[in-house]
>>> print(open('coords13.txt').read())   # compact mmCIF, C-alpha atoms
# COMPACT_ATOMS: atom_id res chain seq x y z
CA MET G 14 71.03 171.11 -18.02
CA PHE G 15 70.77 169.89 -21.61
CA ARG G 16 68.77 173.00 -22.55
CA ASN G 17 71.43 175.24 -21.04
CA LEU G 18 74.15 173.40 -22.99
CA LEU G 19 72.24 173.92 -26.25
CA LEU G 20 71.77 177.59 -25.39
CA ILE G 21 75.48 178.02 -24.72
CA LEU G 22 76.36 176.37 -28.04
CA ALA G 23 73.86 178.62 -29.84
CA ILE G 24 75.22 181.82 -28.30
CA ILE G 25 78.96 181.09 -28.32
CA GLY G 26 80.92 182.61 -31.21
CA PRO G 27 81.15 186.43 -31.33
CA GLY G 28 83.48 186.74 -28.32
CA ILE G 29 85.83 183.96 -29.40
CA ILE G 30 85.93 185.10 -33.03
CA THR G 31 86.53 188.78 -32.22
CA ALA G 32 89.34 188.14 -29.75
CA THR G 33 90.99 185.33 -31.73
CA VAL G 34 91.18 187.21 -35.03
CA ASP G 35 93.13 189.93 -33.26
CA ASN G 36 96.12 187.56 -33.50
CA ASP G 37 96.47 188.63 -37.11
CA ALA G 38 99.52 189.18 -39.32
CA GLY G 39 100.65 192.23 -37.34
CA GLY G 40 99.99 190.58 -34.00
CA ILE G 41 101.88 187.39 -34.77
CA THR G 42 104.79 189.42 -36.11
CA THR G 43 104.85 191.54 -32.93
CA TYR G 44 104.86 188.48 -30.64
CA SER G 45 107.52 186.79 -32.78
CA VAL G 46 109.84 189.80 -32.68
CA ALA G 47 109.27 190.12 -28.92
CA GLY G 48 110.33 186.51 -28.36
CA ALA G 49 113.32 186.74 -30.71
CA GLU G 50 114.68 189.98 -29.27
CA PHE G 51 113.87 189.70 -25.56
CA GLY G 52 113.08 186.03 -24.92
CA LEU G 53 110.45 185.75 -22.17
CA ASP G 54 110.92 189.29 -20.83
CA LEU G 55 107.61 190.53 -22.27
CA LEU G 56 105.58 187.43 -21.42
CA TRP G 57 104.26 188.92 -18.14
CA THR G 58 102.44 191.69 -20.03
CA LEU G 59 99.86 189.22 -21.32
CA ILE G 60 98.20 188.80 -17.90
CA PRO G 61 97.23 192.49 -17.36
CA ILE G 62 96.48 192.84 -21.08
CA THR G 63 94.05 189.90 -20.87
CA ILE G 64 92.25 191.53 -17.93
CA ILE G 65 91.93 194.85 -19.75
CA LEU G 66 90.78 193.11 -22.93
CA ILE G 67 88.05 191.25 -21.02
CA ILE G 68 86.81 194.51 -19.45
CA VAL G 69 86.63 196.37 -22.76
CA GLN G 70 85.05 193.49 -24.70
CA GLU G 71 82.50 192.77 -21.96
CA MET G 72 81.23 196.34 -22.03
CA SER G 73 80.84 196.18 -25.79
CA ALA G 74 78.96 192.87 -25.70
CA ARG G 75 76.71 194.07 -22.86
CA MET G 76 75.73 197.21 -24.79
CA GLY G 77 74.78 195.08 -27.78
CA ALA G 78 72.65 192.71 -25.69
CA VAL G 79 70.87 195.49 -23.78
CA THR G 80 70.21 197.93 -26.64
CA GLY G 81 69.98 195.63 -29.65
CA LYS G 82 72.09 198.22 -31.50
CA GLY G 83 75.64 198.35 -32.77
CA LEU G 84 78.23 200.72 -31.33
CA GLY G 85 78.06 202.88 -34.46
CA ASP G 86 74.31 203.32 -34.03
CA LEU G 87 74.70 204.35 -30.40
CA ILE G 88 77.52 206.81 -31.12
CA ARG G 89 75.47 208.46 -33.90
CA GLU G 90 72.35 208.73 -31.78
CA ARG G 91 74.21 210.06 -28.71
CA PHE G 92 76.85 212.32 -30.29
CA GLY G 93 75.41 213.34 -33.66
CA LEU G 94 76.14 212.49 -37.29
CA LYS G 95 78.98 214.98 -37.94
CA LEU G 96 81.22 213.73 -35.15
CA THR G 97 80.37 210.13 -36.01
CA VAL G 98 81.32 210.52 -39.68
CA LEU G 99 84.62 212.18 -38.74
CA VAL G 100 85.59 209.36 -36.38
CA PHE G 101 84.51 206.71 -38.86
CA LEU G 102 86.47 208.18 -41.75
CA VAL G 103 89.64 207.79 -39.69
CA LEU G 104 88.59 204.27 -38.70
CA ILE G 105 88.08 203.29 -42.34
CA ILE G 106 91.55 204.50 -43.29
CA ALA G 107 93.08 202.55 -40.41
CA ASN G 108 91.08 199.41 -41.18
CA LEU G 109 91.97 199.60 -44.87
CA ALA G 110 95.66 199.75 -43.97
CA VAL G 111 95.27 196.74 -41.65
CA THR G 112 93.34 194.80 -44.32
CA ILE G 113 96.16 195.49 -46.77
CA SER G 114 98.62 194.08 -44.23
CA GLU G 115 96.44 190.94 -43.90
CA PHE G 116 96.67 190.30 -47.64
CA ALA G 117 100.40 191.02 -47.36
CA GLY G 118 100.51 188.20 -44.79
CA ILE G 119 98.68 185.90 -47.19
CA ALA G 120 101.17 186.76 -49.93
CA ALA G 121 104.22 186.29 -47.69
CA SER G 122 103.05 182.96 -46.26
CA GLY G 123 102.24 181.64 -49.72
CA GLU G 124 105.61 182.59 -51.15
CA MET G 125 107.28 180.92 -48.16
CA PHE G 126 105.83 177.65 -49.49
CA GLY G 127 106.56 178.46 -53.14
CA ILE G 128 103.07 179.77 -54.07
CA SER G 129 103.06 183.02 -56.05
CA ARG G 130 101.15 185.94 -54.56
CA TYR G 131 99.63 186.53 -57.99
CA ILE G 132 97.83 183.21 -57.63
CA LEU G 133 97.12 182.97 -53.91
CA VAL G 134 95.99 186.54 -53.16
CA PRO G 135 93.29 186.71 -55.90
CA LEU G 136 92.05 183.21 -54.96
CA CYS G 137 91.73 184.17 -51.29
CA ALA G 138 90.01 187.45 -52.16
CA ILE G 139 87.47 185.62 -54.34
CA LEU G 140 86.88 182.98 -51.65
CA ILE G 141 86.26 185.65 -49.00
CA LEU G 142 83.82 187.48 -51.29
CA VAL G 143 81.93 184.25 -52.03
CA LEU G 144 81.68 183.42 -48.33
CA MET G 145 80.43 186.90 -47.40
CA VAL G 146 77.82 187.16 -50.13
CA ASN G 147 76.41 183.64 -50.06
CA PHE G 148 76.27 182.70 -46.39
CA GLU G 149 74.13 183.91 -43.50
CA TYR G 150 75.80 184.96 -40.28
CA LYS G 151 75.19 181.63 -38.51
CA HIS G 152 77.01 179.82 -41.32
CA MET G 153 79.82 182.37 -41.50
CA GLU G 154 80.28 182.09 -37.76
CA LYS G 155 80.89 178.34 -38.10
CA VAL G 156 83.53 179.01 -40.76
CA PHE G 157 85.22 181.58 -38.52
CA LEU G 158 85.16 179.26 -35.50
CA PHE G 159 86.68 176.51 -37.66
CA LEU G 160 89.48 178.85 -38.73
CA ALA G 161 90.07 179.75 -35.09
CA LEU G 162 90.97 176.11 -34.41
CA PHE G 163 94.09 176.48 -36.55
CA TYR G 164 95.62 178.81 -33.98
CA ALA G 165 96.37 175.60 -32.09
CA THR G 166 99.35 175.25 -34.46
CA TYR G 167 101.14 177.88 -32.38
CA ILE G 168 100.48 175.99 -29.18
CA ILE G 169 101.99 172.88 -30.78
CA SER G 170 104.98 174.97 -31.96
CA GLY G 171 105.46 176.16 -28.40
CA PHE G 172 105.65 172.59 -27.08
CA MET G 173 108.00 171.59 -29.91
CA ALA G 174 110.44 174.28 -28.75
CA ALA G 175 110.93 172.20 -25.55
CA PRO G 176 110.69 175.17 -23.19
CA ASP G 177 111.75 175.28 -19.56
CA TRP G 178 108.25 175.46 -18.06
CA SER G 179 109.47 176.61 -14.64
CA LEU G 180 111.13 179.57 -16.34
CA VAL G 181 107.94 180.23 -18.33
CA GLY G 182 105.88 180.24 -15.12
CA GLU G 183 108.32 182.57 -13.42
CA SER G 184 108.33 184.96 -16.38
CA LEU G 185 104.52 185.09 -16.41
CA ILE G 186 104.26 186.34 -12.83
CA THR G 187 107.48 188.39 -12.59
CA PRO G 188 107.27 191.77 -14.32
CA THR G 189 110.47 192.97 -15.94
CA PHE G 190 110.97 196.36 -17.50
CA SER G 191 113.50 198.04 -19.76
CA PHE G 192 113.85 201.52 -21.21
CA HIS G 193 115.43 200.07 -24.33
CA PRO G 194 113.54 201.77 -27.23
CA LEU G 195 112.72 198.48 -28.93
CA TYR G 196 111.40 197.02 -25.66
CA LEU G 197 109.08 200.02 -25.24
CA ILE G 198 107.89 199.79 -28.84
CA LEU G 199 107.16 196.08 -28.49
CA LEU G 200 105.41 196.61 -25.14
CA ILE G 201 103.10 199.20 -26.70
CA GLY G 202 102.77 197.11 -29.84
CA ILE G 203 101.57 194.07 -27.86
CA ILE G 204 98.88 196.19 -26.21
CA GLY G 205 97.97 197.89 -29.49
CA THR G 206 97.66 194.66 -31.42
CA THR G 207 95.51 193.08 -28.70
CA ILE G 208 92.98 195.88 -28.12
CA THR G 209 91.91 197.69 -31.29
CA PRO G 210 88.97 199.99 -32.22
CA TRP G 211 87.48 197.71 -34.87
CA MET G 212 87.03 194.88 -32.34
CA GLN G 213 84.49 196.82 -30.29
CA PHE G 214 82.34 197.59 -33.34
CA TYR G 215 82.53 194.06 -34.71
CA LEU G 216 81.76 192.34 -31.40
CA GLN G 217 78.76 194.54 -30.62
CA SER G 218 77.41 194.21 -34.18
CA SER G 219 77.85 190.42 -34.00
CA ILE G 220 75.89 190.27 -30.75
CA VAL G 221 73.08 192.25 -32.42
CA GLU G 222 73.30 190.24 -35.65
CA LYS G 223 72.96 187.02 -33.71
CA GLY G 224 69.92 188.32 -31.82
CA ILE G 225 71.37 187.78 -28.34
CA LYS G 226 69.20 189.34 -25.64
CA ILE G 227 70.16 190.47 -22.15
CA SER G 228 68.26 187.50 -20.67
CA ASP G 229 70.85 185.17 -22.19
CA TYR G 230 73.77 187.55 -21.77
CA ARG G 231 75.49 185.52 -19.05
CA TYR G 232 76.41 182.95 -21.69
CA SER G 233 77.73 185.62 -24.06
CA LYS G 234 79.79 187.03 -21.21
CA TRP G 235 81.56 183.69 -20.86
CA ASP G 236 82.02 183.60 -24.64
CA VAL G 237 83.83 186.94 -24.39
CA ILE G 238 85.96 185.87 -21.41
CA ILE G 239 86.96 182.55 -23.01
CA GLY G 240 87.80 184.30 -26.29
CA CYS G 241 90.06 186.82 -24.56
CA ILE G 242 91.87 184.09 -22.65
CA ILE G 243 92.33 181.93 -25.76
CA THR G 244 93.79 184.76 -27.83
CA ASP G 245 96.41 185.60 -25.21
CA VAL G 246 97.26 181.94 -24.55
CA VAL G 247 98.06 181.67 -28.27
CA ALA G 248 100.09 184.89 -28.04
CA ALA G 249 102.01 183.42 -25.10
CA PHE G 250 102.89 180.26 -27.03
CA ILE G 251 104.12 182.30 -30.00
CA ILE G 252 106.49 184.18 -27.69
CA ILE G 253 107.53 180.91 -26.00
CA ALA G 254 108.18 179.11 -29.31
CA VAL G 255 110.47 181.87 -30.55
CA ALA G 256 112.06 182.65 -27.17
CA PHE G 257 113.42 179.11 -26.78
CA THR G 258 114.63 178.72 -30.36
CA LEU G 259 115.61 181.96 -32.08
CA HIS G 260 116.49 184.07 -29.04
CA PRO G 261 119.24 181.76 -27.68
CA ALA G 262 120.71 181.53 -31.19
CA GLY G 263 120.75 185.33 -31.48
CA ILE G 264 118.58 185.27 -34.60
CA GLY G 265 116.74 188.54 -35.19
CA ILE G 266 113.61 188.72 -37.34
CA GLU G 267 111.42 191.40 -38.91
CA ALA G 268 108.29 189.37 -39.70
CA ALA G 269 106.49 186.20 -38.66
CA THR G 270 107.49 184.50 -41.92
CA ASP G 271 111.12 185.11 -41.00
CA ALA G 272 110.43 183.31 -37.72
CA ALA G 273 108.90 180.36 -39.55
CA ARG G 274 111.93 180.01 -41.83
CA ALA G 275 114.39 180.38 -38.96
CA LEU G 276 112.61 177.71 -36.91
CA GLU G 277 113.36 174.96 -39.45
CA PRO G 278 117.04 174.34 -38.65
CA LEU G 279 116.37 174.70 -34.90
CA ALA G 280 113.06 172.86 -34.40
CA GLY G 281 112.57 170.93 -37.63
CA SER G 282 110.62 171.37 -40.85
CA PHE G 283 107.32 170.48 -39.16
CA ALA G 284 107.69 173.46 -36.82
CA LYS G 285 108.26 175.70 -39.84
CA ILE G 286 105.16 174.32 -41.58
CA LEU G 287 103.00 174.75 -38.46
CA PHE G 288 104.19 178.32 -37.84
CA GLY G 289 103.83 179.30 -41.51
CA PHE G 290 100.41 177.69 -41.90
CA GLY G 291 99.20 179.38 -38.73
CA PHE G 292 100.36 182.71 -40.15
CA PHE G 293 98.44 182.11 -43.39
CA THR G 294 95.27 181.17 -41.51
CA ALA G 295 95.54 184.23 -39.27
CA SER G 296 96.05 186.51 -42.28
CA PHE G 297 93.10 184.96 -44.15
CA PHE G 298 90.95 185.25 -41.01
CA GLY G 299 91.86 188.93 -40.63
CA ALA G 300 91.31 189.66 -44.34
CA ALA G 301 87.75 188.35 -43.94
CA ILE G 302 86.88 189.99 -40.62
CA LEU G 303 88.34 193.49 -41.11
CA PRO G 304 86.27 194.40 -44.21
CA LEU G 305 83.19 192.99 -42.50
CA ALA G 306 83.85 194.98 -39.33
CA THR G 307 84.56 198.17 -41.33
CA SER G 308 81.36 197.82 -43.31
CA PHE G 309 79.42 197.37 -40.06
CA GLN G 310 81.08 200.48 -38.62
CA LEU G 311 80.38 202.78 -41.55
CA CYS G 312 76.82 201.64 -42.21
CA GLU G 313 75.85 201.90 -38.55
CA GLY G 314 77.45 205.34 -38.26
CA ILE G 315 75.61 206.74 -41.27
CA GLY G 316 72.38 204.83 -40.64
CA TRP G 317 72.43 202.45 -43.61
CA GLU G 318 71.15 198.89 -43.35
CA SER G 319 73.88 196.39 -42.54
CA GLY G 320 74.44 192.68 -41.94
CA ILE G 321 75.28 189.56 -43.94
CA ASN G 322 71.89 188.16 -42.97
CA LYS G 323 70.38 190.73 -45.34
CA ARG G 324 70.25 190.35 -49.12
CA PHE G 325 72.17 192.71 -51.39
CA ARG G 326 69.06 194.69 -52.31
CA GLU G 327 68.30 195.21 -48.61
CA ALA G 328 71.78 196.46 -47.69
CA PRO G 329 73.61 197.42 -50.93
CA GLN G 330 75.98 199.90 -49.26
CA PHE G 331 77.05 197.28 -46.73
CA TYR G 332 78.09 194.79 -49.44
CA ILE G 333 79.64 197.43 -51.73
CA ILE G 334 81.87 198.78 -48.94
CA MET G 335 82.93 195.28 -47.92
CA ALA G 336 83.69 194.23 -51.52
CA PHE G 337 85.62 197.45 -52.18
CA LEU G 338 87.87 196.90 -49.16
CA ILE G 339 88.61 193.29 -50.10
CA ILE G 340 89.26 193.99 -53.79
CA ALA G 341 91.26 197.19 -53.20
CA SER G 342 93.45 195.61 -50.51
CA ALA G 343 94.16 192.51 -52.58
CA ALA G 344 94.89 194.60 -55.69
CA LEU G 345 97.36 196.83 -53.86
CA ILE G 346 99.36 193.81 -52.70
CA LEU G 347 99.81 192.78 -56.32
CA ILE G 348 101.53 196.08 -57.19
CA PRO G 349 105.29 195.41 -57.43
CA GLY G 350 107.39 197.31 -54.89
CA ILE G 351 104.53 198.53 -52.67
CA ASN G 352 105.75 199.66 -49.25
CA LEU G 353 103.82 197.32 -46.96
CA ILE G 354 105.75 198.32 -43.84
CA PHE G 355 104.60 201.93 -44.27
CA ALA G 356 100.97 200.81 -44.56
CA MET G 357 101.20 198.79 -41.34
CA LEU G 358 103.00 201.62 -39.56
CA ILE G 359 100.32 204.16 -40.44
CA SER G 360 97.54 201.76 -39.39
CA GLN G 361 99.17 201.32 -35.96
CA VAL G 362 99.47 205.07 -35.44
CA ILE G 363 95.86 205.74 -36.49
CA ASN G 364 94.55 202.90 -34.31
CA GLY G 365 96.58 204.24 -31.40
CA ILE G 366 95.05 207.69 -31.82
CA VAL G 367 91.47 206.49 -32.38
CA LEU G 368 91.31 203.78 -29.68
CA PRO G 369 91.24 206.15 -26.68
CA VAL G 370 88.46 208.17 -28.33
CA ILE G 371 86.38 205.03 -28.92
CA LEU G 372 86.95 203.89 -25.32
CA ILE G 373 85.73 207.23 -23.97
CA PHE G 374 82.62 207.00 -26.18
CA MET G 375 82.01 203.47 -24.88
CA LEU G 376 82.38 204.45 -21.22
CA ILE G 377 79.98 207.38 -21.62
CA LEU G 378 77.44 205.16 -23.38
CA VAL G 379 77.70 202.19 -21.01
CA ASN G 380 77.09 204.51 -18.03
CA ASP G 381 74.09 206.27 -19.60
CA LYS G 382 71.01 204.97 -17.76
CA LYS G 383 68.73 206.12 -20.58
CA ILE G 384 70.54 203.71 -22.88
CA MET G 385 71.60 200.92 -20.52
CA LYS G 386 68.82 201.16 -17.87
CA SER G 387 69.91 199.04 -14.89
CA TYR G 388 72.86 197.48 -16.76
CA THR G 389 75.33 200.34 -16.40
CA ASN G 390 78.78 199.75 -14.92
CA GLY G 391 79.04 199.46 -11.15
CA ARG G 392 81.36 201.77 -9.19
CA ILE G 393 84.22 199.28 -8.85
CA TYR G 394 83.87 198.20 -12.46
CA ASN G 395 83.98 201.85 -13.54
CA ILE G 396 87.15 202.48 -11.55
CA ILE G 397 88.79 199.50 -13.25
CA ALA G 398 87.41 200.42 -16.69
CA TRP G 399 88.43 204.09 -16.52
CA GLY G 400 91.80 203.13 -15.06
CA ALA G 401 92.40 200.60 -17.86
CA SER G 402 91.29 203.18 -20.43
CA GLY G 403 93.64 205.73 -18.91
CA ILE G 404 96.55 203.30 -19.23
CA ILE G 405 95.63 202.58 -22.84
CA ILE G 406 95.37 206.31 -23.59
CA LEU G 407 98.85 206.95 -22.16
CA LEU G 408 100.38 203.97 -23.97
CA SER G 409 98.64 204.86 -27.23
CA ALA G 410 100.06 208.38 -27.00
CA ALA G 411 103.49 206.89 -26.27
CA MET G 412 103.14 204.59 -29.29
CA ALA G 413 102.40 207.51 -31.59
CA ILE G 414 105.39 209.44 -30.20
CA LEU G 415 107.78 206.49 -30.38
CA THR G 416 106.68 205.71 -33.94
CA PHE G 417 108.15 209.00 -35.07
CA PHE G 418 111.04 209.00 -32.58
CA PRO G 419 114.36 208.26 -34.31
CA ALA G 420 115.07 205.30 -32.03
CA ALA G 421 111.94 203.64 -33.39
CA GLN G 422 113.88 202.96 -36.59
CA ILE G 423 115.34 199.99 -34.69
CA TRP G 424 112.02 198.30 -35.40
>>> encode(input="coords13.txt", output="structure tokens")
Amino acid sequence: MFRNLLLILAIIGPGIITATVDNDAGGITTYSVAGAEFGLDLLWTLIPITIILIIVQEMSARMGAVTGKGLGDLIRERFGLKLTVLVFLVLIIANLAVTISEFAGIAASGEMFGISRYILVPLCAILILVLMVNFEYKHMEKVFLFLALFYATYIISGFMAAPDWSLVGESLITPTFSFHPLYLILLIGIIGTTITPWMQFYLQSSIVEKGIKISDYRYSKWDVIIGCIITDVVAAFIIIAVAFTLHPAGIGIEAATDAARALEPLAGSFAKILFGFGFFTASFFGAAILPLATSFQLCEGIGWESGINKRFREAPQFYIIMAFLIIASAALILIPGINLIFAMLISQVINGIVLPVILIFMLILVNDKKIMKSYTNGRIYNIIAWGASGIIILLSAAMAILTFFPAAQIW
């Protein structure tokens, strides 16, 4: 019993970190706008989204445990270098845009508390670089897990909003639908911000980096499941906090920082501080994870050495790519007048286009007996996985269309 507990504690981390960090600047903004505009109407979506997220993340983690290789490695070996490089170039562009938006979140949250972006952004960029270069994965994982604890601020904010819990419960299990353009955009946005291409690469690489084998995979599976549930519980409380404060007052918002400011007169200054601090932590978390995930993706796809457990001389490309993404993203935020909304918009569209492709790659790989041996998907699991992927493909296509549809300007 004690041995099993120690084993669980040693293995836990990749699943929780990967899922939790997906509640980044864009995610929190999406949930906040959903709560402000439609109250609890979109809350029900989090249950099916959680199920789909668990399915996708479990396949990724299982491939890492069985093969001992990252998703990029497997795609290159199975589909060839040319196709891999093409897919990864698009992924890098998308991830760079998302990383820029994370530093934009750091800047916005700092300025909300009177801290200039020209001070806070460079300090955070330097801190992230120091952490990445000087710590092994097991130490970095502890830092990331510690940061994940701060998402509890949103749960506290939800309780401070004094919600009607019977109404919350009813909204969770009662699907509602609207053809209002903004409702459709937010519905797709909630799915898009919860399941993204970079997550699959980062999770699988983390499983490999940590040395988790298939013999201990059952513990990693629970790590993945718990992480997926936690991330959507936090998302639910963000929607609840805003739905019971800003929505009844008819206050519209465009960003999570707007929600934090608007909460103060309705729920008190402490609610504003909690919401704003949670946004900063989420943005910092994302600004650290995205460059790391992107560096994993590119190095695995090309065949370069990767991993923060390796020294710079062992994996120079890995560290150079990661440092470039951090420095470039932070520097761009310091340019006066930069159009941050455009950067986030483009990243959503690219992610929406790339995600279905990555899911198809994953499903082909996870069902290849030469790669997975006896650990391929079962028939029922495949029906669910392909069905979920089909839904994501349709919604991703709809997201790309709606992004350029005139009604999307409501966003």
>>> residues_around(input="coords13.txt", residues="Leu305 of chain G", least_positions_apart="2", cutoff="12 Å", atoms="only C-alpha atoms", output="CSV table (one decimal) with C-alpha atoms, in the frame of the given file")
chain,number,residue,atom,x,y,z
G,31,THR,CA,86.5,188.8,-32.2
G,105,ILE,CA,88.1,203.3,-42.3
G,108,ASN,CA,91.1,199.4,-41.2
G,109,LEU,CA,92.0,199.6,-44.9
G,112,THR,CA,93.3,194.8,-44.3
G,141,ILE,CA,86.3,185.6,-49.0
G,142,LEU,CA,83.8,187.5,-51.3
G,144,LEU,CA,81.7,183.4,-48.3
G,145,MET,CA,80.4,186.9,-47.4
G,146,VAL,CA,77.8,187.2,-50.1
G,150,TYR,CA,75.8,185.0,-40.3
G,153,MET,CA,79.8,182.4,-41.5
G,211,TRP,CA,87.5,197.7,-34.9
G,212,MET,CA,87.0,194.9,-32.3
G,214,PHE,CA,82.3,197.6,-33.3
G,215,TYR,CA,82.5,194.1,-34.7
G,216,LEU,CA,81.8,192.3,-31.4
G,218,SER,CA,77.4,194.2,-34.2
G,219,SER,CA,77.8,190.4,-34.0
G,298,PHE,CA,91.0,185.2,-41.0
G,299,GLY,CA,91.9,188.9,-40.6
G,300,ALA,CA,91.3,189.7,-44.3
G,301,ALA,CA,87.8,188.4,-43.9
G,302,ILE,CA,86.9,190.0,-40.6
G,303,LEU,CA,88.3,193.5,-41.1
G,307,THR,CA,84.6,198.2,-41.3
G,308,SER,CA,81.4,197.8,-43.3
G,309,PHE,CA,79.4,197.4,-40.1
G,310,GLN,CA,81.1,200.5,-38.6
G,311,LEU,CA,80.4,202.8,-41.6
G,312,CYS,CA,76.8,201.6,-42.2
G,319,SER,CA,73.9,196.4,-42.5
G,320,GLY,CA,74.4,192.7,-41.9
G,321,ILE,CA,75.3,189.6,-43.9
G,331,PHE,CA,77.0,197.3,-46.7
G,332,TYR,CA,78.1,194.8,-49.4
G,333,ILE,CA,79.6,197.4,-51.7
G,334,ILE,CA,81.9,198.8,-48.9
G,335,MET,CA,82.9,195.3,-47.9
G,336,ALA,CA,83.7,194.2,-51.5
G,337,PHE,CA,85.6,197.4,-52.2
G,338,LEU,CA,87.9,196.9,-49.2
G,339,ILE,CA,88.6,193.3,-50.1
>>> closest_residue(input="coords13.txt", among="G:Thr80, G:Glu50, G:Tyr131, G:Ile67", to="Asp236 of chain G", atoms="all atoms listed in the file")
G:Ile67
>>> closest_atom_pairs(input="coords13.txt", of="segment 309-391 of chain G", to="segment 397-401 of chain G", cutoff="9 Å", atoms="all atoms listed in the file", output="Markdown table")
| residue | atom | partner | partner_atom | distance |
| --- | --- | --- | --- | --- |
| G:Leu372 | CA | G:Trp399 | CA | 8.9 |
| G:Ile373 | CA | G:Trp399 | CA | 8.5 |
| G:Leu376 | CA | G:Trp399 | CA | 7.7 |
| G:Asn390 | CA | G:Ala398 | CA | 8.8 |
>>> atom_distance(input="coords13.txt", atom1="atom CA of Tyr196 of chain G", atom2="atom CA of Gly265 of chain G")
13.8 Å
>>> atom_distance(input="coords13.txt", atom1="atom CA of Ile251 of chain G", atom2="atom CA of Leu136 of chain G")
27.7 Å
>>> atom_distance(input="coords13.txt", atom1="atom CA of Ser342 of chain G", atom2="atom CA of Arg130 of chain G")
13.0 Å
>>> residues_around(input="coords13.txt", residues="Arg91 of chain G", least_positions_apart="5", cutoff="12 Å", atoms="only C-alpha atoms", output="PyMOL selection string")
chain G and resi 84-86+96-97+314+374-375+377-379+381+383-384
>>> closest_atom_pairs(input="coords13.txt", of="segment 55-117 of chain G", to="segment 225-228 of chain G", cutoff="12 Å", atoms="all atoms listed in the file", output="JSON lines")
{"residue": "G:Ala74", "atom": "CA", "partner": "G:Ile225", "partner_atom": "CA", "distance": 9.5}
{"residue": "G:Arg75", "atom": "CA", "partner": "G:Ile227", "partner_atom": "CA", "distance": 7.5}
{"residue": "G:Met76", "atom": "CA", "partner": "G:Ile227", "partner_atom": "CA", "distance": 9.1}
{"residue": "G:Gly77", "atom": "CA", "partner": "G:Ile225", "partner_atom": "CA", "distance": 8.1}
{"residue": "G:Ala78", "atom": "CA", "partner": "G:Lys226", "partner_atom": "CA", "distance": 4.8}
{"residue": "G:Val79", "atom": "CA", "partner": "G:Ile227", "partner_atom": "CA", "distance": 5.3}
{"residue": "G:Thr80", "atom": "CA", "partner": "G:Lys226", "partner_atom": "CA", "distance": 8.7}
{"residue": "G:Gly81", "atom": "CA", "partner": "G:Lys226", "partner_atom": "CA", "distance": 7.5}
{"residue": "G:Lys82", "atom": "CA", "partner": "G:Ile225", "partner_atom": "CA", "distance": 10.9}
>>> closest_residue(input="coords13.txt", among="G:Ile204, G:Leu162, G:Leu408, G:Ala120", to="Ile65 of chain G", atoms="all atoms listed in the file")
G:Ile204
>>> residues_around(input="coords13.txt", residues="segment 116-119 of chain G", least_positions_apart="2", cutoff="7 Å", atoms="all atoms listed in the file", output="number ranges by chain")
G: 38, 112-114, 121-123, 134, 293, 296-297, 300, 342-343, 346
>>> residues_around(input="coords13.txt", residues="Gly391 of chain G", least_positions_apart="4", cutoff="9 Å", atoms="all atoms listed in the file", output="list in words")
Asn380, Asn395 and Ile396 of chain G
>>> write_last_selection(input="coords13.txt", atoms="C-alpha atoms", output="compact mmCIF listing (two decimals), keeping the file's coordinate frame")
# COMPACT_ATOMS: atom_id res chain seq x y z
CA ASN G 380 77.09 204.51 -18.03
CA ASN G 395 83.98 201.85 -13.54
CA ILE G 396 87.15 202.48 -11.55
>>> closest_residue(input="coords13.txt", among="G:Phe92, G:Phe172, G:Phe159, G:Tyr394", to="Thr258 of chain G", atoms="all atoms listed in the file")
G:Phe172
>>> closest_residue(input="coords13.txt", among="G:Ile253, G:Ile405, G:Glu318, G:Pro329", to="Ser45 of chain G", atoms="only C-alpha atoms")
G:Ile253
>>> closest_residue(input="coords13.txt", among="G:Gly52, G:Pro369, G:Gly39, G:Pro304", to="Val181 of chain G", atoms="all atoms listed in the file")
G:Gly52
